$ cat start.csv   # CSV, N, CA and C atoms
chain,number,residue,atom,x,y,z
A,1322,VAL,N,105.4,118.4,117.1
A,1322,VAL,CA,104.1,118.1,116.6
A,1322,VAL,C,104.2,116.7,116.0
A,1323,GLN,N,103.3,115.8,116.4
A,1323,GLN,CA,103.2,114.5,115.8
A,1323,GLN,C,101.9,114.2,115.1
A,1324,LEU,N,101.9,113.6,114.0
A,1324,LEU,CA,100.7,113.2,113.3
A,1324,LEU,C,100.6,111.7,113.2
A,1325,GLN,N,99.6,111.1,113.7
A,1325,GLN,CA,99.4,109.7,113.8
A,1325,GLN,C,98.3,109.3,112.9
A,1326,ALA,N,98.6,108.7,111.7
A,1326,ALA,CA,97.6,108.3,110.8
A,1326,ALA,C,97.3,106.8,110.9
A,1327,SER,N,96.0,106.5,110.5
A,1327,SER,CA,95.6,105.1,110.5
A,1327,SER,C,94.5,104.9,109.6
A,1328,GLY,N,94.1,103.6,109.2
A,1328,GLY,CA,93.0,103.3,108.4
A,1328,GLY,C,93.3,102.8,107.0
A,1329,GLY,N,94.5,102.8,106.6
A,1329,GLY,CA,94.8,102.2,105.3
A,1329,GLY,C,94.6,100.7,105.3
A,1330,GLY,N,94.7,100.2,104.1
A,1330,GLY,CA,94.5,98.7,103.9
A,1330,GLY,C,94.3,98.4,102.5
A,1331,LEU,N,93.8,97.1,102.3
A,1331,LEU,CA,93.5,96.6,101.0
A,1331,LEU,C,92.0,96.5,100.8
A,1332,VAL,N,91.6,97.0,99.7
A,1332,VAL,CA,90.1,97.1,99.4
A,1332,VAL,C,89.9,96.8,97.9
A,1333,GLN,N,88.8,96.3,97.6
A,1333,GLN,CA,88.5,96.0,96.2
A,1333,GLN,C,87.9,97.2,95.5
A,1334,VAL,N,88.0,97.2,94.2
A,1334,VAL,CA,87.5,98.3,93.4
A,1334,VAL,C,86.0,98.6,93.8
A,1335,GLY,N,85.7,99.9,94.0
A,1335,GLY,CA,84.4,100.3,94.4
A,1335,GLY,C,84.2,100.3,95.9
A,1336,GLY,N,85.1,99.8,96.6
A,1336,GLY,CA,85.0,99.8,98.1
A,1336,GLY,C,85.3,101.1,98.8
A,1337,SER,N,85.3,101.1,100.1
A,1337,SER,CA,85.5,102.3,100.9
A,1337,SER,C,86.5,102.1,102.0
A,1338,LEU,N,87.1,103.1,102.3
A,1338,LEU,CA,88.0,103.2,103.5
A,1338,LEU,C,87.9,104.5,104.1
A,1339,ARG,N,88.2,104.6,105.4
A,1339,ARG,CA,88.3,105.8,106.1
A,1339,ARG,C,89.6,106.0,106.8
A,1340,LEU,N,90.3,107.0,106.4
A,1340,LEU,CA,91.6,107.3,107.1
A,1340,LEU,C,91.4,108.3,108.2
A,1341,SER,N,92.2,108.2,109.2
A,1341,SER,CA,92.1,109.1,110.4
A,1341,SER,C,93.6,109.6,110.6
A,1342,CYS,N,93.7,110.8,111.1
A,1342,CYS,CA,95.0,111.3,111.5
A,1342,CYS,C,94.8,112.3,112.7
A,1343,ALA,N,95.4,111.9,113.8
A,1343,ALA,CA,95.4,112.7,115.0
A,1343,ALA,C,96.7,113.5,115.2
A,1344,ALA,N,96.5,114.8,115.4
A,1344,ALA,CA,97.7,115.7,115.6
A,1344,ALA,C,97.8,115.9,117.1
A,1345,SER,N,99.1,115.8,117.6
A,1345,SER,CA,99.4,116.1,119.0
A,1345,SER,C,100.6,117.1,119.1
A,1346,GLY,N,100.7,117.7,120.2
A,1346,GLY,CA,101.8,118.7,120.4
A,1346,GLY,C,101.3,120.1,120.4
A,1347,LYS,N,102.2,121.0,120.3
A,1347,LYS,CA,101.8,122.4,120.2
A,1347,LYS,C,101.8,123.0,118.8
A,1348,PHE,N,100.7,123.5,118.4
A,1348,PHE,CA,100.6,124.2,117.1
A,1348,PHE,C,99.5,125.2,117.1
A,1349,TYR,N,99.6,126.1,116.1
A,1349,TYR,CA,98.7,127.2,116.0
A,1349,TYR,C,97.3,126.6,115.7
A,1350,GLU,N,96.3,127.2,116.4
A,1350,GLU,CA,94.9,126.6,116.2
A,1350,GLU,C,94.4,127.0,114.8
A,1351,ILE,N,94.9,128.0,114.2
A,1351,ILE,CA,94.5,128.4,112.8
A,1351,ILE,C,95.4,127.6,111.9
A,1352,ASN,N,94.9,126.6,111.3
A,1352,ASN,CA,95.8,125.7,110.5
A,1352,ASN,C,95.0,125.0,109.4
A,1353,VAL,N,95.7,124.3,108.6
A,1353,VAL,CA,95.2,123.5,107.5
A,1353,VAL,C,95.7,122.1,107.7
A,1354,MET,N,94.7,121.1,107.7
A,1354,MET,CA,95.1,119.7,107.8
A,1354,MET,C,94.6,119.1,106.5
A,1355,GLY,N,95.4,118.1,106.1
A,1355,GLY,CA,95.0,117.5,104.8
A,1355,GLY,C,95.7,116.1,104.6
A,1356,TRP,N,95.4,115.6,103.4
A,1356,TRP,CA,96.0,114.4,103.0
A,1356,TRP,C,96.6,114.5,101.6
A,1357,TYR,N,97.8,114.0,101.5
A,1357,TYR,CA,98.5,113.9,100.3
A,1357,TYR,C,98.7,112.4,100.0
A,1358,ARG,N,99.0,112.1,98.8
A,1358,ARG,CA,99.3,110.7,98.4
A,1358,ARG,C,100.5,110.6,97.4
A,1359,GLN,N,101.1,109.5,97.5
A,1359,GLN,CA,102.2,109.3,96.5
A,1359,GLN,C,102.2,107.9,96.0
A,1360,ALA,N,101.9,107.7,94.8
A,1360,ALA,CA,101.9,106.4,94.1
A,1360,ALA,C,103.3,106.1,93.7
A,1361,LEU,N,103.5,104.8,93.5
A,1361,LEU,CA,104.9,104.3,93.1
A,1361,LEU,C,105.3,105.0,91.8
A,1362,GLY,N,106.5,105.6,91.9
A,1362,GLY,CA,107.0,106.3,90.7
A,1362,GLY,C,106.4,107.6,90.4
A,1363,LYS,N,105.6,108.1,91.2
A,1363,LYS,CA,105.0,109.4,91.0
A,1363,LYS,C,105.3,110.4,92.1
A,1364,GLN,N,105.0,111.7,91.8
A,1364,GLN,CA,105.2,112.7,92.8
A,1364,GLN,C,104.1,112.7,93.8
A,1365,ARG,N,104.4,113.2,95.0
A,1365,ARG,CA,103.3,113.4,96.0
A,1365,ARG,C,102.3,114.5,95.5
A,1366,GLU,N,101.1,114.2,95.7
A,1366,GLU,CA,100.0,115.1,95.3
A,1366,GLU,C,99.0,115.4,96.4
A,1367,LEU,N,98.4,116.5,96.4
A,1367,LEU,CA,97.4,116.8,97.3
A,1367,LEU,C,96.1,116.0,97.0
A,1368,VAL,N,95.5,115.4,98.0
A,1368,VAL,CA,94.2,114.7,97.8
A,1368,VAL,C,93.1,115.7,98.3
A,1369,ALA,N,93.2,116.1,99.5
A,1369,ALA,CA,92.2,117.0,100.0
A,1369,ALA,C,92.7,117.7,101.3
A,1370,ALA,N,92.2,118.9,101.6
A,1370,ALA,CA,92.6,119.7,102.7
A,1370,ALA,C,91.4,120.4,103.3
A,1371,ILE,N,91.6,120.7,104.6
A,1371,ILE,CA,90.5,121.4,105.3
A,1371,ILE,C,91.1,122.3,106.3
A,1372,THR,N,90.5,123.6,106.4
A,1372,THR,CA,91.0,124.5,107.4
A,1372,THR,C,90.3,124.3,108.7
A,1373,ASN,N,90.8,124.9,109.8
A,1373,ASN,CA,90.1,124.8,111.0
A,1373,ASN,C,88.7,125.4,111.0
A,1374,GLY,N,88.5,126.3,110.0
A,1374,GLY,CA,87.1,126.8,109.9
A,1374,GLY,C,86.2,126.0,109.0
A,1375,GLY,N,86.7,124.9,108.4
A,1375,GLY,CA,85.9,124.1,107.6
A,1375,GLY,C,85.9,124.3,106.1
A,1376,LEU,N,86.8,125.1,105.7
A,1376,LEU,CA,86.9,125.3,104.2
A,1376,LEU,C,87.7,124.1,103.7
A,1377,THR,N,87.2,123.6,102.5
A,1377,THR,CA,87.9,122.4,102.0
A,1377,THR,C,88.3,122.7,100.5
A,1378,ASP,N,89.3,121.8,100.2
A,1378,ASP,CA,89.7,121.8,98.8
A,1378,ASP,C,90.1,120.3,98.5
A,1379,ALA,N,89.9,119.9,97.2
A,1379,ALA,CA,90.2,118.5,96.9
A,1379,ALA,C,90.6,118.4,95.4
A,1380,ALA,N,91.4,117.4,95.2
A,1380,ALA,CA,91.8,117.2,93.8
A,1380,ALA,C,90.6,116.8,92.9
A,1381,ASP,N,90.7,117.2,91.7
A,1381,ASP,CA,89.5,116.9,90.8
A,1381,ASP,C,89.3,115.4,90.7
A,1382,SER,N,90.4,114.6,90.8
A,1382,SER,CA,90.3,113.2,90.6
A,1382,SER,C,89.5,112.5,91.7
A,1383,VAL,N,89.3,113.2,92.9
A,1383,VAL,CA,88.6,112.5,94.0
A,1383,VAL,C,87.3,113.2,94.3
A,1384,LYS,N,87.0,114.3,93.7
A,1384,LYS,CA,85.8,115.1,94.0
A,1384,LYS,C,84.6,114.2,93.7
A,1385,GLY,N,83.6,114.2,94.6
A,1385,GLY,CA,82.5,113.3,94.5
A,1385,GLY,C,82.7,111.9,95.0
A,1386,ARG,N,83.9,111.6,95.4
A,1386,ARG,CA,84.2,110.2,95.9
A,1386,ARG,C,84.8,110.3,97.3
A,1387,PHE,N,85.6,111.3,97.5
A,1387,PHE,CA,86.3,111.4,98.8
A,1387,PHE,C,85.7,112.6,99.6
A,1388,THR,N,85.6,112.5,100.9
A,1388,THR,CA,85.2,113.6,101.7
A,1388,THR,C,86.1,113.8,102.9
A,1389,ILE,N,86.6,115.0,103.0
A,1389,ILE,CA,87.5,115.3,104.2
A,1389,ILE,C,86.7,116.0,105.2
A,1390,SER,N,87.0,115.7,106.5
A,1390,SER,CA,86.3,116.4,107.6
A,1390,SER,C,87.3,116.4,108.8
A,1391,ARG,N,87.0,117.2,109.8
A,1391,ARG,CA,87.9,117.3,110.9
A,1391,ARG,C,87.1,117.5,112.2
A,1392,ASP,N,87.7,117.2,113.3
A,1392,ASP,CA,87.2,117.4,114.6
A,1392,ASP,C,88.2,118.3,115.3
A,1393,ASN,N,87.9,119.6,115.5
A,1393,ASN,CA,88.9,120.5,116.1
A,1393,ASN,C,89.1,120.2,117.6
A,1394,ALA,N,88.1,119.6,118.2
A,1394,ALA,CA,88.3,119.3,119.6
A,1394,ALA,C,89.4,118.3,119.9
A,1395,THR,N,89.5,117.4,118.9
A,1395,THR,CA,90.5,116.3,119.1
A,1395,THR,C,91.7,116.4,118.1
A,1396,ASN,N,91.7,117.5,117.3
A,1396,ASN,CA,92.7,117.7,116.3
A,1396,ASN,C,92.9,116.5,115.4
A,1397,THR,N,91.8,116.0,114.9
A,1397,THR,CA,91.8,114.8,114.1
A,1397,THR,C,91.1,115.2,112.7
A,1398,VAL,N,91.8,114.7,111.7
A,1398,VAL,CA,91.3,114.9,110.3
A,1398,VAL,C,90.9,113.5,109.8
A,1399,TYR,N,89.8,113.4,109.0
A,1399,TYR,CA,89.4,112.2,108.4
A,1399,TYR,C,89.3,112.3,106.9
A,1400,LEU,N,89.5,111.2,106.3
A,1400,LEU,CA,89.3,111.1,104.8
A,1400,LEU,C,88.4,109.9,104.5
A,1401,GLN,N,87.2,110.2,104.2
A,1401,GLN,CA,86.3,109.1,103.8
A,1401,GLN,C,86.4,108.9,102.3
A,1402,MET,N,86.8,107.7,101.9
A,1402,MET,CA,87.1,107.4,100.5
A,1402,MET,C,86.1,106.3,100.1
A,1403,ASN,N,85.3,106.7,99.1
A,1403,ASN,CA,84.3,105.8,98.5
A,1403,ASN,C,84.6,105.6,97.1
A,1404,GLY,N,84.0,104.6,96.5
A,1404,GLY,CA,84.2,104.4,95.1
A,1404,GLY,C,85.7,104.3,94.7
A,1405,LEU,N,86.4,103.6,95.5
A,1405,LEU,CA,87.9,103.5,95.2
A,1405,LEU,C,88.2,102.8,93.9
A,1406,ARG,N,89.3,103.3,93.3
A,1406,ARG,CA,89.7,102.8,92.0
A,1406,ARG,C,91.2,102.4,92.1
A,1407,PRO,N,91.6,101.6,91.2
A,1407,PRO,CA,93.0,101.1,91.3
A,1407,PRO,C,94.0,102.3,91.3
A,1408,GLU,N,93.7,103.4,90.6
A,1408,GLU,CA,94.6,104.5,90.5
A,1408,GLU,C,94.6,105.3,91.9
A,1409,ASP,N,93.8,104.9,92.8
A,1409,ASP,CA,93.9,105.5,94.1
A,1409,ASP,C,94.9,104.8,95.0
A,1410,THR,N,95.5,103.7,94.5
A,1410,THR,CA,96.5,103.0,95.2
A,1410,THR,C,97.7,103.9,95.4
A,1411,ALA,N,98.1,104.1,96.7
A,1411,ALA,CA,99.2,105.0,97.0
A,1411,ALA,C,99.5,105.0,98.5
A,1412,VAL,N,100.6,105.6,98.9
A,1412,VAL,CA,100.8,105.8,100.3
A,1412,VAL,C,100.2,107.2,100.6
A,1413,TYR,N,99.3,107.2,101.6
A,1413,TYR,CA,98.6,108.5,102.0
A,1413,TYR,C,99.3,109.1,103.2
A,1414,TYR,N,99.6,110.4,103.1
A,1414,TYR,CA,100.3,111.1,104.2
A,1414,TYR,C,99.4,112.2,104.7
A,1415,CYS,N,99.3,112.2,106.0
A,1415,CYS,CA,98.6,113.3,106.7
A,1415,CYS,C,99.5,114.5,106.8
A,1416,HIS,N,98.9,115.7,106.7
A,1416,HIS,CA,99.7,116.9,106.7
A,1416,HIS,C,99.1,118.0,107.5
A,1417,LEU,N,99.9,118.8,108.2
A,1417,LEU,CA,99.4,119.9,109.0
A,1417,LEU,C,100.3,121.1,108.7
A,1418,ALA,N,99.7,122.2,108.4
A,1418,ALA,CA,100.5,123.4,108.1
A,1418,ALA,C,99.8,124.7,108.7
A,1419,TYR,N,100.6,125.6,109.1
A,1419,TYR,CA,100.1,126.9,109.6
A,1419,TYR,C,101.2,127.9,109.4
A,1420,TYR,N,100.7,129.2,109.5
A,1420,TYR,CA,101.6,130.3,109.4
A,1420,TYR,C,101.6,131.1,110.7
A,1421,ALA,N,102.7,131.2,111.3
A,1421,ALA,CA,102.8,132.0,112.6
A,1421,ALA,C,104.1,132.7,112.5
A,1422,GLY,N,104.2,133.7,111.7
A,1422,GLY,CA,105.5,134.4,111.5
A,1422,GLY,C,106.3,133.7,110.4
A,1423,ASP,N,106.4,132.4,110.6
A,1423,ASP,CA,107.1,131.5,109.6
A,1423,ASP,C,106.1,130.5,109.2
A,1424,TYR,N,106.4,129.8,108.1
A,1424,TYR,CA,105.5,128.7,107.7
A,1424,TYR,C,106.0,127.4,108.3
A,1425,TYR,N,105.1,126.7,108.9
A,1425,TYR,CA,105.4,125.4,109.6
A,1425,TYR,C,104.5,124.3,109.0
A,1426,GLU,N,105.1,123.2,108.7
A,1426,GLU,CA,104.4,122.0,108.2
A,1426,GLU,C,105.0,120.8,108.8
A,1427,TYR,N,104.1,119.8,108.9
A,1427,TYR,CA,104.4,118.5,109.5
A,1427,TYR,C,103.7,117.4,108.7
A,1428,TRP,N,104.4,116.2,108.7
A,1428,TRP,CA,103.9,115.1,108.0
A,1428,TRP,C,103.7,113.9,108.9
A,1429,GLY,N,102.7,113.1,108.6
A,1429,GLY,CA,102.5,111.9,109.3
A,1429,GLY,C,103.4,110.8,108.6
A,1430,GLN,N,103.3,109.6,109.1
A,1430,GLN,CA,104.2,108.5,108.7
A,1430,GLN,C,103.8,107.8,107.4
A,1431,GLY,N,102.6,108.1,107.0
A,1431,GLY,CA,102.1,107.5,105.8
A,1431,GLY,C,101.3,106.2,106.1
A,1432,THR,N,100.2,106.0,105.3
A,1432,THR,CA,99.5,104.7,105.4
A,1432,THR,C,99.2,104.3,104.0
A,1433,LEU,N,99.4,103.0,103.8
A,1433,LEU,CA,99.2,102.4,102.4
A,1433,LEU,C,97.8,102.1,102.2
A,1434,VAL,N,97.3,102.5,101.0
A,1434,VAL,CA,96.0,102.2,100.5
A,1434,VAL,C,96.2,101.4,99.2
A,1435,THR,N,95.7,100.2,99.2
A,1435,THR,CA,95.8,99.4,98.0
A,1435,THR,C,94.4,99.0,97.5
A,1436,VAL,N,94.1,99.3,96.2
A,1436,VAL,CA,92.8,99.0,95.6
A,1436,VAL,C,93.1,98.0,94.6
A,1437,SER,N,92.5,96.8,94.8
A,1437,SER,CA,92.7,95.7,93.9
A,1437,SER,C,91.5,95.6,92.9
A,1438,SER,N,91.8,95.2,91.7
A,1438,SER,CA,90.8,95.1,90.6
A,1438,SER,C,90.5,93.6,90.3

$ encode --input "start.csv" --output "structure tokens"
Amino acid sequence: VQLQASGGGLVQVGGSLRLSCAASGKFYEINVMGWYRQALGKQRELVAAITNGGLTDAADSVKGRFTISRDNATNTVYLQMNGLRPEDTAVYYCHLAYYAGDYYEYWGQGTLVTVSS
């Protein structure tokens, strides 16, 4: 399984970015895709996740600003980020997980989001 993320970059405070992540390979159709982020010197944290059925979860810090969505036909997950703040600066990682007898998870290569003030 490969996860190819794109869409990071440099943006000013209050700006918007849209991250995309396409999954390829063989994996169980019942799964969760999401985004984590890791800021310099901090632990990786969940940003938002979405199941194949459309159920979502998001960190309190991004609720009302970030929206996660997915296209099951293309196995692509999106993260629309609005109202960006300097504290959103981090490397964002795409994630896919499912349970099929065992727990399987995969990570994308990470894409850097920098919010300048």

$ closest_residue --input "start.csv" --among "A:Gly1374, A:Gly1335, A:Gly1329, A:Gly1385" --to "Tyr1413 (chain A)" --atoms "all atoms listed in the file"
A:Gly1329

$ closest_residue --input "start.csv" --among "A:Ala1418, A:Val1368, A:Ala1394, A:Val1322" --to "Ser1345 (chain A)" --atoms "only N, CA and C atoms"
A:Val1322

$ closest_residue --input "start.csv" --among "A:Gln1364, A:Gln1430, A:Ser1382, A:Asn1403" --to "Gly1336 (chain A)" --atoms "only C-alpha atoms"
A:Asn1403

$ closest_residue --input "start.csv" --among "A:Ala1370, A:Val1434, A:Leu1405, A:Cys1415" --to "Ala1343 (chain A)" --atoms "all atoms listed in the file"
A:Cys1415

$ residues_around --input "start.csv" --residues "Leu1361 (chain A)" --least-positions-apart "4" --cutoff "7 Å" --atoms "only N, CA and C atoms" --output "list in words"
Thr1410, Ala1411 and Val1412 of chain A

$ residues_around --input "start.csv" --residues "Ala1379 (chain A)" --least-positions-apart "4" --cutoff "8 Å" --atoms "all atoms listed in the file" --output "list in words"
Leu1367, Val1368, Ala1369, Ala1370, Ile1371, Val1383, Lys1384, Phe1387 and Ile1389 of chain A

$ select_by_dssp --input "start.csv" --residues "chain A" --states "strand (DSSP E)" --output "PyMOL selection string"
chain A and resi 1323-1327+1330-1333+1338-1345+1353-1359+1366-1372+1377-1379+1387-1392+1397-1402+1411-1421+1423-1428+1432-1437

$ closest_residue --input "start.csv" --among "A:Thr1395, A:Gln1333, A:Gln1359, A:Gln1401" --to "Val1436 (chain A)" --atoms "only N, CA and C atoms"
A:Gln1333

$ closest_residue --input "start.csv" --among "A:Val1334, A:Leu1324, A:Ile1351, A:Met1402" --to "Trp1428 (chain A)" --atoms "only C-alpha atoms"
A:Leu1324

$ decode --input "start.csv" --residues "region 1323-1437 of chain A" --atoms "C-alpha atoms" --output "mmCIF file, in the first residue's frame"
data_model
loop_
_atom_site.group_PDB
_atom_site.id
_atom_site.type_symbol
_atom_site.label_atom_id
_atom_site.label_comp_id
_atom_site.auth_asym_id
_atom_site.auth_seq_id
_atom_site.Cartn_x
_atom_site.Cartn_y
_atom_site.Cartn_z
ATOM 1 C CA GLN A 1323 1.287 3.440 -0.907
ATOM 2 C CA LEU A 1324 -0.037 6.804 0.195
ATOM 3 C CA GLN A 1325 0.883 9.785 -1.947
ATOM 4 C CA ALA A 1326 0.228 13.117 -0.290
ATOM 5 C CA SER A 1327 0.323 16.547 -1.856
ATOM 6 C CA GLY A 1328 -0.813 20.109 -1.288
ATOM 7 C CA GLY A 1329 1.431 21.446 1.428
ATOM 8 C CA GLY A 1330 3.180 24.771 1.189
ATOM 9 C CA LEU A 1331 3.653 28.218 2.644
ATOM 10 C CA VAL A 1332 0.605 30.312 3.491
ATOM 11 C CA GLN A 1333 -0.073 33.431 5.504
ATOM 12 C CA VAL A 1334 -2.125 33.527 8.678
ATOM 13 C CA GLY A 1335 -5.803 33.192 7.872
ATOM 14 C CA GLY A 1336 -5.129 31.547 4.551
ATOM 15 C CA SER A 1337 -6.238 28.184 3.197
ATOM 16 C CA LEU A 1338 -4.652 25.045 1.861
ATOM 17 C CA ARG A 1339 -6.045 21.749 0.636
ATOM 18 C CA LEU A 1340 -4.143 18.539 1.208
ATOM 19 C CA SER A 1341 -4.779 15.434 -0.860
ATOM 20 C CA CYS A 1342 -3.694 11.859 -0.345
ATOM 21 C CA ALA A 1343 -4.264 9.009 -2.767
ATOM 22 C CA ALA A 1344 -3.978 5.425 -1.606
ATOM 23 C CA SER A 1345 -2.943 2.676 -3.979
ATOM 24 C CA GLY A 1346 -2.391 -1.046 -3.652
ATOM 25 C CA LYS A 1347 -4.484 -3.708 -1.964
ATOM 26 C CA PHE A 1348 -6.279 -2.921 1.261
ATOM 27 C CA TYR A 1349 -9.552 -3.635 2.949
ATOM 28 C CA GLU A 1350 -12.380 -1.419 1.736
ATOM 29 C CA ILE A 1351 -13.596 -0.886 5.307
ATOM 30 C CA ASN A 1352 -10.951 1.444 6.612
ATOM 31 C CA VAL A 1353 -10.136 4.771 8.165
ATOM 32 C CA MET A 1354 -8.115 7.414 6.377
ATOM 33 C CA GLY A 1355 -6.850 10.499 8.049
ATOM 34 C CA TRP A 1356 -4.252 13.129 8.661
ATOM 35 C CA TYR A 1357 -1.773 13.457 11.478
ATOM 36 C CA ARG A 1358 0.716 16.229 12.000
ATOM 37 C CA GLN A 1359 3.997 16.665 13.779
ATOM 38 C CA ALA A 1360 5.368 20.052 14.660
ATOM 39 C CA LEU A 1361 9.038 20.563 15.426
ATOM 40 C CA GLY A 1362 9.846 19.155 18.833
ATOM 41 C CA LYS A 1363 6.368 17.785 19.394
ATOM 42 C CA GLN A 1364 4.698 14.424 19.166
ATOM 43 C CA ARG A 1365 2.652 13.391 16.176
ATOM 44 C CA GLU A 1366 -1.027 14.093 16.739
ATOM 45 C CA LEU A 1367 -4.280 13.258 15.015
ATOM 46 C CA VAL A 1368 -5.721 16.116 12.987
ATOM 47 C CA ALA A 1369 -8.783 14.459 11.466
ATOM 48 C CA ALA A 1370 -9.966 11.069 10.272
ATOM 49 C CA ILE A 1371 -12.797 9.683 8.189
ATOM 50 C CA THR A 1372 -14.151 6.188 7.723
ATOM 51 C CA ASN A 1373 -15.157 4.716 4.391
ATOM 52 C CA GLY A 1374 -18.740 5.280 5.560
ATOM 53 C CA GLY A 1375 -18.169 8.980 6.118
ATOM 54 C CA LEU A 1376 -17.901 9.140 9.884
ATOM 55 C CA THR A 1377 -15.426 11.801 10.929
ATOM 56 C CA ASP A 1378 -13.389 12.836 13.922
ATOM 57 C CA ALA A 1379 -11.163 15.848 14.391
ATOM 58 C CA ALA A 1380 -8.936 17.425 16.979
ATOM 59 C CA ASP A 1381 -10.594 20.184 18.981
ATOM 60 C CA SER A 1382 -7.927 22.614 17.804
ATOM 61 C CA VAL A 1383 -9.060 22.327 14.175
ATOM 62 C CA LYS A 1384 -12.821 21.920 14.513
ATOM 63 C CA GLY A 1385 -14.631 24.639 12.619
ATOM 64 C CA ARG A 1386 -11.542 25.368 10.491
ATOM 65 C CA PHE A 1387 -10.515 22.073 8.886
ATOM 66 C CA THR A 1388 -12.763 19.707 6.949
ATOM 67 C CA ILE A 1389 -11.883 16.150 6.039
ATOM 68 C CA SER A 1390 -13.524 14.348 3.142
ATOM 69 C CA ARG A 1391 -12.846 11.358 0.937
ATOM 70 C CA ASP A 1392 -13.629 9.877 -2.439
ATOM 71 C CA ASN A 1393 -13.980 6.131 -2.069
ATOM 72 C CA ALA A 1394 -13.964 5.625 -5.841
ATOM 73 C CA THR A 1395 -10.406 6.947 -6.062
ATOM 74 C CA ASN A 1396 -9.293 6.102 -2.503
ATOM 75 C CA THR A 1397 -8.385 9.721 -1.946
ATOM 76 C CA VAL A 1398 -8.707 11.696 1.266
ATOM 77 C CA TYR A 1399 -8.711 15.479 1.422
ATOM 78 C CA LEU A 1400 -8.095 17.973 4.172
ATOM 79 C CA GLN A 1401 -9.434 21.454 3.553
ATOM 80 C CA MET A 1402 -7.687 23.815 5.942
ATOM 81 C CA ASN A 1403 -9.113 27.294 6.419
ATOM 82 C CA GLY A 1404 -8.237 30.001 8.891
ATOM 83 C CA LEU A 1405 -4.704 28.715 9.233
ATOM 84 C CA ARG A 1406 -2.702 29.762 12.268
ATOM 85 C CA PRO A 1407 1.037 29.693 13.000
ATOM 86 C CA GLU A 1408 0.441 26.776 15.379
ATOM 87 C CA ASP A 1409 -0.808 24.721 12.428
ATOM 88 C CA THR A 1410 2.728 24.696 11.060
ATOM 89 C CA ALA A 1411 3.834 21.069 10.908
ATOM 90 C CA VAL A 1412 4.553 18.140 8.673
ATOM 91 C CA TYR A 1413 1.229 16.544 7.804
ATOM 92 C CA TYR A 1414 1.085 12.799 7.310
ATOM 93 C CA CYS A 1415 -1.599 10.837 5.556
ATOM 94 C CA HIS A 1416 -2.661 7.654 7.314
ATOM 95 C CA LEU A 1417 -4.703 4.587 6.405
ATOM 96 C CA ALA A 1418 -5.714 1.873 8.822
ATOM 97 C CA TYR A 1419 -7.973 -1.144 8.869
ATOM 98 C CA TYR A 1420 -8.569 -4.308 10.763
ATOM 99 C CA ALA A 1421 -8.622 -7.607 8.914
ATOM 100 C CA GLY A 1422 -7.722 -10.202 11.489
ATOM 101 C CA ASP A 1423 -4.764 -8.040 12.365
ATOM 102 C CA TYR A 1424 -4.398 -4.294 12.545
ATOM 103 C CA TYR A 1425 -2.773 -2.751 9.494
ATOM 104 C CA GLU A 1426 -1.682 0.860 9.118
ATOM 105 C CA TYR A 1427 0.238 2.801 6.518
ATOM 106 C CA TRP A 1428 1.758 6.273 6.401
ATOM 107 C CA GLY A 1429 2.379 8.719 3.617
ATOM 108 C CA GLN A 1430 5.661 10.553 3.200
ATOM 109 C CA GLY A 1431 4.536 13.775 4.850
ATOM 110 C CA THR A 1432 3.933 17.205 3.429
ATOM 111 C CA LEU A 1433 5.093 20.419 5.082
ATOM 112 C CA VAL A 1434 2.587 23.149 5.909
ATOM 113 C CA THR A 1435 4.077 26.447 7.014
ATOM 114 C CA VAL A 1436 1.878 29.290 8.238
ATOM 115 C CA SER A 1437 3.648 32.624 8.418
#
